[in-house]
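This is target.cif (mmCIF, C-alpha atoms and all ligand atoms).
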data_structure
loop_
_atom_site.label_atom_id
_atom_site.label_comp_id
_atom_site.auth_asym_id
_atom_site.auth_seq_id
_atom_site.Cartn_x
_atom_site.Cartn_y
_atom_site.Cartn_z
CA MET R 1 0.00 0.00 0.00
CA ALA R 2 1.34 3.45 -0.94
CA ILE R 3 2.49 5.71 1.88
CA TYR R 4 1.94 9.47 1.71
CA ALA R 5 3.01 12.48 3.78
CA SER R 6 0.25 14.37 5.61
CA PHE R 7 0.19 17.67 7.52
CA ARG R 8 -0.93 16.57 11.01
CA SER R 9 -0.59 19.62 13.22
CA ILE R 10 0.69 23.16 13.61
CA GLY R 11 2.05 25.25 16.48
CA ALA R 12 3.81 28.60 16.84
CA TYR R 13 5.45 30.96 19.28
CA ALA R 14 5.65 34.75 19.01
CA PRO R 15 7.68 36.70 21.58
CA GLU R 16 5.64 39.06 23.75
CA LYS R 17 7.73 42.17 23.18
CA ILE R 18 6.35 44.37 20.39
CA LEU R 19 8.53 46.72 18.34
CA SER R 20 6.10 49.18 16.72
CA ASN R 21 6.67 51.54 13.82
CA SER R 22 6.56 54.47 16.23
CA ASP R 23 9.34 52.80 18.27
CA LEU R 24 11.40 52.60 15.06
CA GLU R 25 10.71 56.27 14.30
CA LYS R 26 12.76 57.02 17.42
CA MET R 27 15.63 54.75 16.31
CA VAL R 28 16.15 55.58 12.60
CA ASP R 29 15.06 58.16 10.04
CA THR R 30 11.72 56.58 9.10
CA THR R 31 7.99 57.08 9.55
CA ASP R 32 5.03 54.85 10.34
CA GLU R 33 3.47 56.10 7.11
CA TRP R 34 6.47 55.03 4.97
CA ILE R 35 6.66 51.58 6.57
CA VAL R 36 2.91 50.87 6.30
CA LYS R 37 2.67 52.18 2.73
CA ARG R 38 5.77 50.33 1.42
CA THR R 39 5.49 47.09 3.41
CA GLY R 40 2.13 46.80 5.23
CA ILE R 41 4.02 46.16 8.50
CA LYS R 42 2.68 47.87 11.64
CA GLU R 43 4.65 46.00 14.29
CA ARG R 44 6.91 43.00 14.78
CA ARG R 45 7.86 40.81 17.77
CA ILE R 46 11.36 40.85 19.23
CA ALA R 47 12.73 38.10 21.47
CA ASP R 48 14.37 39.06 24.77
CA GLU R 49 18.14 38.87 24.93
CA HIS R 50 18.11 35.59 26.88
CA ILE R 51 15.71 33.87 24.41
CA SER R 52 17.43 31.99 21.59
CA THR R 53 16.16 30.63 18.29
CA SER R 54 16.03 27.12 19.82
CA ASP R 55 13.93 28.38 22.77
CA MET R 56 11.30 29.72 20.37
CA GLY R 57 11.52 26.62 18.18
CA ALA R 58 11.08 24.36 21.21
CA MET R 59 7.97 26.22 22.33
CA ALA R 60 6.39 25.96 18.88
CA ALA R 61 7.41 22.29 18.59
CA ASN R 62 5.83 21.33 21.93
CA ILE R 63 2.51 22.81 20.81
CA ALA R 64 2.65 21.08 17.41
CA ILE R 65 3.41 17.68 18.98
CA GLU R 66 0.64 18.05 21.55
CA ARG R 67 -1.88 18.96 18.83
CA SER R 68 -0.77 16.01 16.68
CA GLY R 69 -2.00 13.58 19.33
CA LEU R 70 1.36 11.78 19.13
CA GLY R 71 3.91 11.27 21.86
CA LYS R 72 7.45 12.66 21.65
CA GLU R 73 8.67 9.08 21.33
CA ASP R 74 6.80 8.84 18.01
CA ILE R 75 8.89 11.58 16.35
CA ASP R 76 11.66 9.99 14.29
CA LEU R 77 13.19 13.01 12.52
CA VAL R 78 13.65 16.66 13.55
CA ILE R 79 14.40 19.32 10.93
CA CYS R 80 14.91 22.98 11.81
CA ALA R 81 14.89 25.62 9.08
CA THR R 82 16.76 28.72 10.19
CA VAL R 83 19.32 31.30 9.07
CA THR R 84 19.68 32.60 12.63
CA PRO R 85 20.81 29.42 14.37
CA ASP R 86 21.85 29.37 18.04
CA TYR R 87 25.43 28.80 16.84
CA PHE R 88 26.70 29.58 13.37
CA ASN R 89 28.75 26.41 13.01
CA MET R 90 27.73 23.67 15.41
CA PRO R 91 25.78 22.18 17.05
CA SER R 92 22.68 22.47 14.88
CA THR R 93 19.63 24.23 16.31
CA ALA R 94 17.62 21.06 15.59
CA CYS R 95 19.86 19.11 18.00
CA ILE R 96 19.38 21.75 20.69
CA ILE R 97 15.60 21.87 20.20
CA SER R 98 15.42 18.05 20.35
CA ASP R 99 17.20 18.11 23.68
CA LYS R 100 15.03 20.94 25.05
CA ILE R 101 11.80 19.13 24.23
CA GLY R 102 12.99 15.70 25.37
CA ILE R 103 13.61 13.89 22.09
CA SER R 104 16.83 11.88 21.94
CA ASN R 105 18.48 9.30 19.72
CA VAL R 106 16.65 10.68 16.71
CA GLN R 107 18.16 12.15 13.52
CA ALA R 108 18.17 15.96 13.72
CA PHE R 109 19.60 18.62 11.41
CA ASP R 110 19.19 22.22 10.22
CA ILE R 111 18.56 23.43 6.74
CA SER R 112 19.45 26.86 5.36
CA ALA R 113 17.13 28.31 2.72
CA ALA R 114 16.25 31.65 4.35
CA CYS R 115 12.54 32.47 4.04
CA SER R 116 11.94 29.32 1.96
CA GLY R 117 13.34 27.11 4.73
CA PHE R 118 10.05 25.78 6.09
CA VAL R 119 8.66 24.71 2.71
CA TYR R 120 12.09 23.31 1.76
CA SER R 121 11.90 21.23 4.97
CA LEU R 122 8.46 19.96 4.00
CA THR R 123 9.96 18.57 0.77
CA ILE R 124 12.54 16.68 2.86
CA ALA R 125 9.89 15.39 5.29
CA LYS R 126 7.79 14.17 2.36
CA ALA R 127 10.73 12.34 0.79
CA PHE R 128 11.71 10.64 4.06
CA ILE R 129 8.12 9.56 4.76
CA GLU R 130 7.23 8.40 1.26
CA SER R 131 10.46 6.39 1.02
CA GLY R 132 9.39 4.58 4.21
CA MET R 133 12.48 5.77 6.15
CA LYS R 134 10.53 7.88 8.71
CA LYS R 135 6.97 8.03 10.02
CA ASN R 136 6.56 11.28 11.97
CA VAL R 137 8.75 14.26 11.12
CA LEU R 138 8.88 17.39 13.27
CA VAL R 139 9.51 20.39 11.00
CA ILE R 140 10.40 23.70 12.63
CA GLY R 141 10.95 27.18 11.19
CA ALA R 142 12.55 29.40 13.83
CA GLU R 143 14.31 32.74 13.58
CA LYS R 144 15.78 35.31 15.90
CA PHE R 145 16.24 37.73 13.04
CA SER R 146 16.83 40.59 15.45
CA SER R 147 20.24 38.97 16.11
CA ILE R 148 21.43 39.78 12.56
CA VAL R 149 19.63 43.08 11.98
CA ASP R 150 21.46 46.42 12.19
CA TYR R 151 19.06 48.69 14.08
CA THR R 152 20.77 51.76 12.58
CA ASP R 153 19.98 50.64 8.99
CA ARG R 154 16.47 51.83 8.11
CA SER R 155 16.39 49.85 4.87
CA THR R 156 16.35 46.51 6.74
CA CYS R 157 15.50 47.07 10.42
CA VAL R 158 11.85 47.92 9.75
CA LEU R 159 11.24 44.64 7.91
CA PHE R 160 12.12 41.75 10.19
CA GLY R 161 10.82 40.13 13.38
CA ASP R 162 11.38 37.06 15.55
CA GLY R 163 9.28 33.94 16.06
CA ALA R 164 8.88 30.23 15.39
CA GLY R 165 6.42 27.79 13.91
CA ALA R 166 6.37 23.99 13.83
CA ALA R 167 4.43 21.18 12.21
CA VAL R 168 4.22 17.42 12.53
CA ILE R 169 4.24 15.64 9.17
CA SER R 170 3.11 12.02 9.39
CA ALA R 171 2.78 8.95 7.21
CA THR R 172 -0.72 8.08 6.00
CA THR R 173 -2.25 5.61 3.58
CA ASP R 174 -5.28 7.86 3.04
CA LYS R 175 -4.70 9.66 -0.28
CA SER R 176 -7.18 12.43 0.60
CA GLU R 177 -4.84 13.53 3.42
CA ALA R 178 -1.68 13.47 1.29
CA PHE R 179 0.49 16.40 0.20
CA MET R 180 -0.85 17.06 -3.29
CA ASP R 181 2.35 18.58 -4.69
CA ILE R 182 5.45 20.46 -3.57
CA HIS R 183 8.16 22.29 -5.54
CA ALA R 184 11.39 23.89 -4.39
CA SER R 185 14.06 25.62 -6.43
CA ALA R 186 17.00 28.03 -6.28
CA ASP R 187 19.18 30.36 -8.33
CA GLY R 188 22.55 31.05 -6.75
CA SER R 189 23.42 33.70 -9.34
CA TYR R 190 21.36 36.10 -7.20
CA ALA R 191 23.20 35.17 -3.98
CA ASP R 192 24.26 38.79 -3.39
CA PHE R 193 20.64 40.06 -3.25
CA LEU R 194 20.27 38.91 0.37
CA VAL R 195 23.35 38.12 2.36
CA THR R 196 24.78 38.09 5.87
CA PRO R 197 28.47 38.32 4.88
CA ALA R 198 30.05 37.16 8.16
CA PRO R 199 31.07 35.16 10.06
CA GLY R 200 31.92 32.42 7.59
CA SER R 201 34.83 31.06 5.59
CA VAL R 202 34.77 34.10 3.27
CA HIS R 203 34.88 36.57 6.17
CA PRO R 204 35.94 34.80 9.37
CA ALA R 205 35.06 36.54 12.63
CA ASN R 206 37.52 39.35 13.31
CA GLN R 207 37.65 43.05 14.11
CA LYS R 208 37.17 43.97 10.41
CA MET R 209 33.90 42.03 10.41
CA LEU R 210 32.64 44.15 13.32
CA ASP R 211 34.01 47.45 11.98
CA GLU R 212 32.35 46.89 8.59
CA LYS R 213 29.16 45.47 10.15
CA LEU R 214 29.46 42.34 8.01
CA ASN R 215 27.55 40.31 10.61
CA PHE R 216 24.29 42.06 9.70
CA VAL R 217 21.84 41.19 6.96
CA GLN R 218 22.24 43.15 3.72
CA MET R 219 19.53 43.23 1.07
CA LYS R 220 19.09 44.69 -2.40
CA GLY R 221 15.48 45.44 -1.53
CA ASN R 222 14.13 46.81 -4.75
CA GLU R 223 15.76 44.18 -7.00
CA THR R 224 14.59 41.43 -4.61
CA PHE R 225 11.06 42.87 -4.63
CA LYS R 226 10.75 42.71 -8.43
CA LEU R 227 12.16 39.19 -8.66
CA ALA R 228 9.95 38.03 -5.75
CA VAL R 229 6.74 39.13 -7.48
CA LYS R 230 7.76 37.52 -10.78
CA THR R 231 9.02 34.25 -9.30
CA LEU R 232 6.22 33.75 -6.76
CA THR R 233 3.54 34.38 -9.39
CA LYS R 234 5.10 32.00 -11.91
CA ASP R 235 5.65 29.34 -9.24
CA VAL R 236 2.02 29.28 -8.08
CA ILE R 237 0.64 29.38 -11.62
CA ASP R 238 2.86 26.36 -12.43
CA ILE R 239 1.81 24.29 -9.41
CA LEU R 240 -1.89 25.07 -9.94
CA GLU R 241 -1.71 24.20 -13.65
CA THR R 242 0.26 20.99 -13.06
CA ASN R 243 -2.43 19.81 -10.65
CA SER R 244 -5.41 21.15 -12.65
CA ILE R 245 -6.52 23.30 -9.72
CA ASP R 246 -8.23 26.62 -10.25
CA ALA R 247 -7.17 29.46 -7.92
CA SER R 248 -10.80 29.75 -6.76
CA GLU R 249 -10.56 26.21 -5.27
CA ILE R 250 -7.82 27.27 -2.84
CA LYS R 251 -9.25 27.78 0.63
CA HIS R 252 -6.12 29.34 2.12
CA PHE R 253 -3.39 31.05 0.11
CA ILE R 254 -0.50 31.33 2.57
CA PRO R 255 2.35 33.30 1.01
CA HIS R 256 5.64 34.25 2.66
CA GLN R 257 4.97 37.36 4.75
CA ALA R 258 7.69 39.77 3.60
CA ASN R 259 5.75 42.69 2.18
CA TYR R 260 2.02 43.30 1.70
CA ARG R 261 2.66 44.77 -1.76
CA ILE R 262 4.32 41.52 -2.91
CA ILE R 263 1.43 39.44 -1.49
CA LYS R 264 -1.16 41.73 -3.12
CA ALA R 265 0.57 41.67 -6.51
CA VAL R 266 0.78 37.85 -6.52
CA GLY R 267 -2.78 37.46 -5.18
CA ASP R 268 -4.14 39.83 -7.84
CA ALA R 269 -2.24 38.05 -10.63
CA LEU R 270 -3.93 34.81 -9.55
CA GLY R 271 -7.34 36.42 -9.13
CA MET R 272 -7.43 35.48 -5.42
CA ARG R 273 -10.24 36.90 -3.29
CA GLU R 274 -9.28 38.72 -0.10
CA ASP R 275 -10.82 36.00 2.08
CA GLN R 276 -8.47 33.41 0.53
CA VAL R 277 -5.27 35.28 1.36
CA VAL R 278 -3.71 34.81 4.81
CA LEU R 279 -2.00 37.95 6.16
CA THR R 280 0.15 38.24 9.26
CA VAL R 281 2.81 40.63 7.91
CA GLN R 282 1.13 43.60 9.61
CA LYS R 283 1.72 42.15 13.09
CA TYR R 284 4.83 39.97 12.78
CA GLY R 285 6.80 41.53 9.89
CA ASN R 286 9.07 39.13 8.01
CA THR R 287 10.05 36.23 10.28
CA SER R 288 11.88 34.37 7.48
CA ALA R 289 11.57 30.56 7.86
CA ALA R 290 9.00 31.02 10.66
CA SER R 291 6.71 33.15 8.52
CA ILE R 292 4.62 30.42 6.84
CA PRO R 293 4.10 28.15 9.89
CA MET R 294 3.25 31.21 12.03
CA ALA R 295 0.66 32.20 9.42
CA ILE R 296 -0.81 28.67 9.32
CA ASN R 297 -0.97 28.70 13.11
CA ASP R 298 -2.76 32.04 13.01
CA ILE R 299 -5.66 30.68 10.94
CA TYR R 300 -5.68 27.48 13.00
CA GLU R 301 -5.99 29.34 16.30
CA SER R 302 -8.61 31.75 14.97
CA GLY R 303 -10.74 28.79 13.83
CA ARG R 304 -10.41 29.62 10.12
CA LEU R 305 -8.48 26.45 9.21
CA LYS R 306 -10.59 23.29 9.10
CA GLU R 307 -9.68 19.66 8.55
CA GLY R 308 -9.30 18.75 4.87
CA GLU R 309 -9.08 22.33 3.62
CA LEU R 310 -6.54 22.96 0.87
CA MET R 311 -3.59 25.26 1.60
CA LEU R 312 -1.41 26.82 -1.09
CA LEU R 313 1.99 27.76 0.34
CA ASP R 314 4.30 30.05 -1.63
CA THR R 315 7.64 31.39 -0.50
CA PHE R 316 10.75 33.23 -1.64
CA GLY R 317 13.99 34.15 0.09
CA GLY R 318 17.75 34.47 0.26
CA GLY R 319 19.78 32.15 -1.93
CA LEU R 320 17.77 33.01 -3.92
CA THR R 321 15.39 30.19 -3.08
CA TRP R 322 11.69 29.66 -3.66
CA ALA R 323 9.11 26.96 -3.08
CA SER R 324 5.40 26.28 -3.28
CA ALA R 325 3.11 23.52 -2.08
CA LEU R 326 -0.49 22.30 -2.31
CA ILE R 327 -1.30 20.60 0.98
CA PRO R 328 -4.60 19.67 2.65
CA PHE R 329 -4.66 20.30 6.40
CA ALA R 330 -4.95 16.81 7.92
CA GLY R 331 -4.99 17.85 11.58
CA LYS R 332 -7.77 17.91 14.13
CA VAL R 333 -9.52 21.27 14.35
CA LYS R 334 -9.42 23.24 17.55
N1 LIG F 1 11.98 54.68 5.93
C1 LIG F 1 11.98 55.73 5.06
N2 LIG F 1 12.58 55.67 3.86
C2 LIG F 1 13.21 54.53 3.52
C3 LIG F 1 13.25 53.41 4.39
C4 LIG F 1 12.61 53.53 5.64
N3 LIG F 1 12.58 52.52 6.53
N4 LIG F 1 13.94 52.42 3.78
C5 LIG F 1 14.31 52.90 2.57
N5 LIG F 1 13.89 54.16 2.43
C6 LIG F 1 14.07 55.07 1.28
C7 LIG F 1 15.26 54.72 0.43
O1 LIG F 1 16.42 55.29 0.96
C8 LIG F 1 14.87 55.32 -0.90
O2 LIG F 1 15.12 56.70 -0.86
P1 LIG F 1 15.69 57.48 -2.16
O3 LIG F 1 14.60 57.33 -3.19
O4 LIG F 1 15.88 58.85 -1.66
O5 LIG F 1 16.95 56.75 -2.53
C9 LIG F 1 13.36 55.14 -0.95
O6 LIG F 1 12.94 54.92 0.42
C10 LIG F 1 12.90 53.97 -1.82
O7 LIG F 1 13.68 52.82 -1.48
P2 LIG F 1 13.43 51.43 -2.17
O8 LIG F 1 14.40 50.44 -1.62
O9 LIG F 1 13.42 51.61 -3.66
O10 LIG F 1 11.95 51.13 -1.66
P3 LIG F 1 10.99 49.97 -2.04
O11 LIG F 1 9.69 50.52 -2.46
O12 LIG F 1 11.63 48.94 -2.94
O13 LIG F 1 10.73 49.25 -0.62
C11 LIG F 1 11.45 47.27 0.55
C12 LIG F 1 11.81 48.68 0.08
C13 LIG F 1 10.32 47.39 1.53
C14 LIG F 1 12.68 46.66 1.22
C15 LIG F 1 11.02 46.40 -0.64
O14 LIG F 1 11.95 46.58 -1.68
C16 LIG F 1 10.90 44.93 -0.33
O15 LIG F 1 10.00 44.51 0.35
N6 LIG F 1 11.78 44.10 -0.94
C17 LIG F 1 11.65 42.63 -0.92
C18 LIG F 1 11.90 41.99 0.40
C19 LIG F 1 11.80 40.49 0.25
O16 LIG F 1 10.86 39.94 -0.26
N7 LIG F 1 12.84 39.77 0.65
C20 LIG F 1 12.85 38.34 0.46
C21 LIG F 1 12.59 37.61 1.66
S1 LIG F 1 13.66 38.01 3.00
C22 LIG F 1 14.65 36.61 3.39
O17 LIG F 1 14.78 35.69 2.65
C23 LIG F 1 15.38 36.62 4.67
#

Rewrite the structure of this file - the entire thing - as structure tokens.
Ligand code: ACO
Amino acid sequence: MAIYASFRSIGAYAPEKILSNSDLEKMVDTTDEWIVKRTGIKERRIADEHISTSDMGAMAANIAIERSGLGKEDIDLVICATVTPDYFNMPSTACIISDKIGISNVQAFDISAACSGFVYSLTIAKAFIESGMKKNVLVIGAEKFSSIVDYTDRSTCVLFGDGAGAAVISATTDKSEAFMDIHASADGSYADFLVTPAPGSVHPANQKMLDEKLNFVQMKGNETFKLAVKTLTKDVIDILETNSIDASEIKHFIPHQANYRIIKAVGDALGMREDQVVLTVQKYGNTSAASIPMAINDIYESGRLKEGELMLLDTFGGGLTWASALIPFAGKVK
């Protein structure tokens, strides 16, 4: 009998501390009006100094496991998508999260695909499950983006926030619960559009790194914006056409939450109604790999997401990377 991957549960964690646009007005030369008009962001969450990426990931993971109805002993693979790991080299944040939530002797690793990291991880979970190698995969997207943001650079500091989301992906033999399709891709020729130059083998940690602020995220915002709209639109049109699905059949369009104008442009190109499009960018900003699971959790907790409903995920980020997926929600409703 064929085995499929199914989306069993969702959980998320958002730090309590809010950084509003008016707070940012006092830090850099910007205005609430500019930020709202150009990005749709009104506020974002910032983790306290003592909270790490793995702390947020562990909190989201605990909720997702509890909602899956499984025990921790049932999880046989842990994947964490992050570009703001606890440690830049080792150990992986997935190993630390596993330990924090009480999972041991289970394969655990991080993946790096910036904002596309969560959907990239879903492709890996699907492959492990459908090959029969694993049964219940814990997928986490967690970011402490505030740890790589320069709060004197107005072109980036208004955009990002912290948070985590997690999902349990399980084996099923019921085709109606199965991931319908998932795509992921990349183009490294645009690597310089979004980069945190140091520390790394190109720029090892040293005084120069600090003096030149190479440890902070740098982005070619306008160029990234144009490519994001083009790529995201093409990617969703492709996945809908391949699966003979009309945009009107999508219950929840859950795009990466980087900029309201990008989401609106893609939604309009697809003819999506407002009630189909999930928006959290106004309250969380761009939380990179955590953005999509935090958005799924938002509609789950507000009672909008029901069992069996079709989700269209669409994401784009540093690398450049992008990914999209058609997945029915196979979890129990709240
Ligand atoms: N407040 C006021 N003015 C600002 C600010 C600010 N916070 N930031 C930039 N400006 C100014 C610029 O200096 C520029 O001024 P100038 O015309 O005098 O030179 C002007 O505003 C326009 O700047 P642009 O960069 O052209 O503005 P744009 O409309 O492109 O908006 C933004 C910038 C919001 C960054 C947008 O380009 C964007 O959202 N880009 C895509 C982000 C994205 O999708 N990233 C991928 C995912 S992230 C990841 O993977 C981690």

Q.
Could you list, as number ranges by chain, all protein and nucleic acid residues with an atom at most 8 Å from ligand LIG 1 (chain F), counting only C-alpha atoms and all ligand atoms?
A. R: 28-31, 34-35, 38-39, 83, 113-116, 154-159, 194, 219-226, 228, 256, 258-259, 261-262, 286-289, 316-321

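Closest approach to Asp235 of chain R among R:Trp322, R:Phe193, R:Tyr151, R:Phe216: R:Trp322, based on all atoms listed in the file.
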
Q: Step by step: start from the point (-10.0, 20.3, 15.1) in the file's coordinates, keep every protein, DNA or RNA residue that has an atom no farther than 9 Å from it, count all atoms listed in the file, and write the set as a PyMOL selection string.
A: chain R and resi 300+303+305-307+331-334

Do you know which residues are at most 9 Å from segment 127-139 of chain R counting all atoms listed in the file, after dropping those on the same chain fewer than 6 positions away, and could you put them as a short mmCIF file (atom, residue, chain, number, x, y, z; two decimals) with C-alpha atoms, in the frame of the given file?
data_model
loop_
_atom_site.label_atom_id
_atom_site.label_comp_id
_atom_site.auth_asym_id
_atom_site.auth_seq_id
_atom_site.Cartn_x
_atom_site.Cartn_y
_atom_site.Cartn_z
CA ALA R 2 1.34 3.45 -0.94
CA ILE R 3 2.49 5.71 1.88
CA TYR R 4 1.94 9.47 1.71
CA ALA R 5 3.01 12.48 3.78
CA ALA R 61 7.41 22.29 18.59
CA ALA R 64 2.65 21.08 17.41
CA ILE R 65 3.41 17.68 18.98
CA LEU R 70 1.36 11.78 19.13
CA ASP R 74 6.80 8.84 18.01
CA ILE R 75 8.89 11.58 16.35
CA ASP R 76 11.66 9.99 14.29
CA LEU R 77 13.19 13.01 12.52
CA VAL R 78 13.65 16.66 13.55
CA ILE R 79 14.40 19.32 10.93
CA CYS R 80 14.91 22.98 11.81
CA ALA R 81 14.89 25.62 9.08
CA PHE R 118 10.05 25.78 6.09
CA SER R 121 11.90 21.23 4.97
CA GLY R 165 6.42 27.79 13.91
CA ALA R 166 6.37 23.99 13.83
CA ALA R 167 4.43 21.18 12.21
CA VAL R 168 4.22 17.42 12.53
CA ILE R 169 4.24 15.64 9.17
CA SER R 170 3.11 12.02 9.39
CA ALA R 171 2.78 8.95 7.21
CA THR R 172 -0.72 8.08 6.00
#

Q. Atom CA of Thr53 of chain R to atom CA of Leu24 of chain R: how many Å, to one decimal?
A. 22.7 Å

Give me the residues within 12 Å of Met90 of chain R as an mmCIF file with C-alpha atoms, keeping the file's coordinate frame, counting all atoms listed in the file and dropping any in the same chain fewer than 5 places off.
data_model
loop_
_atom_site.group_PDB
_atom_site.id
_atom_site.type_symbol
_atom_site.label_atom_id
_atom_site.label_comp_id
_atom_site.auth_asym_id
_atom_site.auth_seq_id
_atom_site.Cartn_x
_atom_site.Cartn_y
_atom_site.Cartn_z
ATOM 1 C CA PRO R 85 20.810 29.420 14.370
ATOM 2 C CA CYS R 95 19.860 19.110 18.000
ATOM 3 C CA ILE R 96 19.380 21.750 20.690
ATOM 4 C CA PHE R 109 19.600 18.620 11.410
ATOM 5 C CA ASP R 110 19.190 22.220 10.220
#

Q) What is the atom CA of Ser176 of chain R-atom CA of Pro293 of chain R distance in Å, reported with one decimal? A) 21.5 Å

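In terms of minimum interatomic distance to Met294 of chain R, R:Gly161 ranks closest within R:Gly271, R:Pro91, R:Gly161, R:Gly69, counting all atoms listed in the file.
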
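Across the model, the gap from atom CA of Lys230 of chain R to atom CA of Glu43 of chain R is 26.6 Å.
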
**Q.** Which of R:Ala47, R:Val119, R:Ala269, R:Leu279 sits closest to Asp314 of chain R [using all atoms listed in the file]
**A.** R:Val119

Q: Between R:Glu25, R:Gly71, R:Ala142, R:Ser112, single out the one closest to Ile97 of chain R, counting all atoms listed in the file.
A: R:Ala142

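Between Pro255 of chain R and the candidates R:Leu232, R:Ala186, R:Leu270, R:Ile237, the tightest atom-to-atom separation, counting only C-alpha atoms, involves R:Leu232.
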
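Proximity of R:Gly163, R:Pro204, R:Gly308, R:Pro197 to Ile18 of chain R, computed with all atoms listed in the file, is greatest for R:Gly163.
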
Report the centre and edge lengths, in Å to one decimal, of an axis-aligned box enclosing every atom of segment 91-102 of chain R listed in the file, padded by 5 Å on each side, as JSON.
{"center_x": 18.8, "center_y": 20.0, "center_z": 20.1, "size_x": 24.0, "size_y": 18.5, "size_z": 20.5}

Any chance you could build segment 279-296 of chain R out to N, CA and C atoms and write it as a JSON list (two decimals), in the frame of the given file?
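The resulting file, out29.json, is shown below:
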[["chain", "number", "residue", "atom", "x", "y", "z"],
["R", 279, "LEU", "N", -2.91, 36.81, 5.92],
["R", 279, "LEU", "CA", -2.00, 37.95, 6.16],
["R", 279, "LEU", "C", -1.61, 38.03, 7.62],
["R", 280, "THR", "N", -0.32, 37.99, 7.89],
["R", 280, "THR", "CA", 0.15, 38.24, 9.26],
["R", 280, "THR", "C", 1.28, 39.28, 9.25],
["R", 281, "VAL", "N", 1.65, 39.72, 8.04],
["R", 281, "VAL", "CA", 2.81, 40.63, 7.91],
["R", 281, "VAL", "C", 2.64, 41.90, 8.73],
["R", 282, "GLN", "N", 1.38, 42.35, 8.87],
["R", 282, "GLN", "CA", 1.13, 43.60, 9.61],
["R", 282, "GLN", "C", 1.52, 43.48, 11.08],
["R", 283, "LYS", "N", 1.43, 42.26, 11.66],
["R", 283, "LYS", "CA", 1.72, 42.15, 13.09],
["R", 283, "LYS", "C", 3.03, 41.44, 13.43],
["R", 284, "TYR", "N", 3.57, 40.67, 12.49],
["R", 284, "TYR", "CA", 4.83, 39.97, 12.78],
["R", 284, "TYR", "C", 6.00, 40.43, 11.90],
["R", 285, "GLY", "N", 5.74, 41.21, 10.83],
["R", 285, "GLY", "CA", 6.80, 41.53, 9.89],
["R", 285, "GLY", "C", 7.28, 40.25, 9.21],
["R", 286, "ASN", "N", 8.50, 40.29, 8.70],
["R", 286, "ASN", "CA", 9.07, 39.13, 8.01],
["R", 286, "ASN", "C", 9.85, 38.29, 9.03],
["R", 287, "THR", "N", 9.35, 37.10, 9.33],
["R", 287, "THR", "CA", 10.05, 36.23, 10.28],
["R", 287, "THR", "C", 10.75, 35.08, 9.54],
["R", 288, "SER", "N", 11.09, 35.31, 8.27],
["R", 288, "SER", "CA", 11.88, 34.37, 7.48],
["R", 288, "SER", "C", 11.29, 32.95, 7.52],
["R", 289, "ALA", "N", 12.06, 31.95, 7.91],
["R", 289, "ALA", "CA", 11.57, 30.56, 7.86],
["R", 289, "ALA", "C", 10.37, 30.31, 8.77],
["R", 290, "ALA", "N", 10.14, 31.20, 9.74],
["R", 290, "ALA", "CA", 9.00, 31.02, 10.66],
["R", 290, "ALA", "C", 7.72, 31.60, 10.09],
["R", 291, "SER", "N", 7.85, 32.37, 9.01],
["R", 291, "SER", "CA", 6.71, 33.15, 8.52],
["R", 291, "SER", "C", 5.51, 32.27, 8.11],
["R", 292, "ILE", "N", 5.75, 31.25, 7.32],
["R", 292, "ILE", "CA", 4.62, 30.42, 6.84],
["R", 292, "ILE", "C", 4.00, 29.60, 7.97],
["R", 293, "PRO", "N", 4.77, 28.88, 8.81],
["R", 293, "PRO", "CA", 4.10, 28.15, 9.89],
["R", 293, "PRO", "C", 3.42, 29.08, 10.90],
["R", 294, "MET", "N", 3.95, 30.28, 11.13],
["R", 294, "MET", "CA", 3.25, 31.21, 12.03],
["R", 294, "MET", "C", 1.92, 31.64, 11.41],
["R", 295, "ALA", "N", 1.90, 31.81, 10.09],
["R", 295, "ALA", "CA", 0.66, 32.20, 9.42],
["R", 295, "ALA", "C", -0.36, 31.06, 9.45],
["R", 296, "ILE", "N", 0.11, 29.82, 9.25],
["R", 296, "ILE", "CA", -0.81, 28.67, 9.32],
["R", 296, "ILE", "C", -1.38, 28.58, 10.73]]
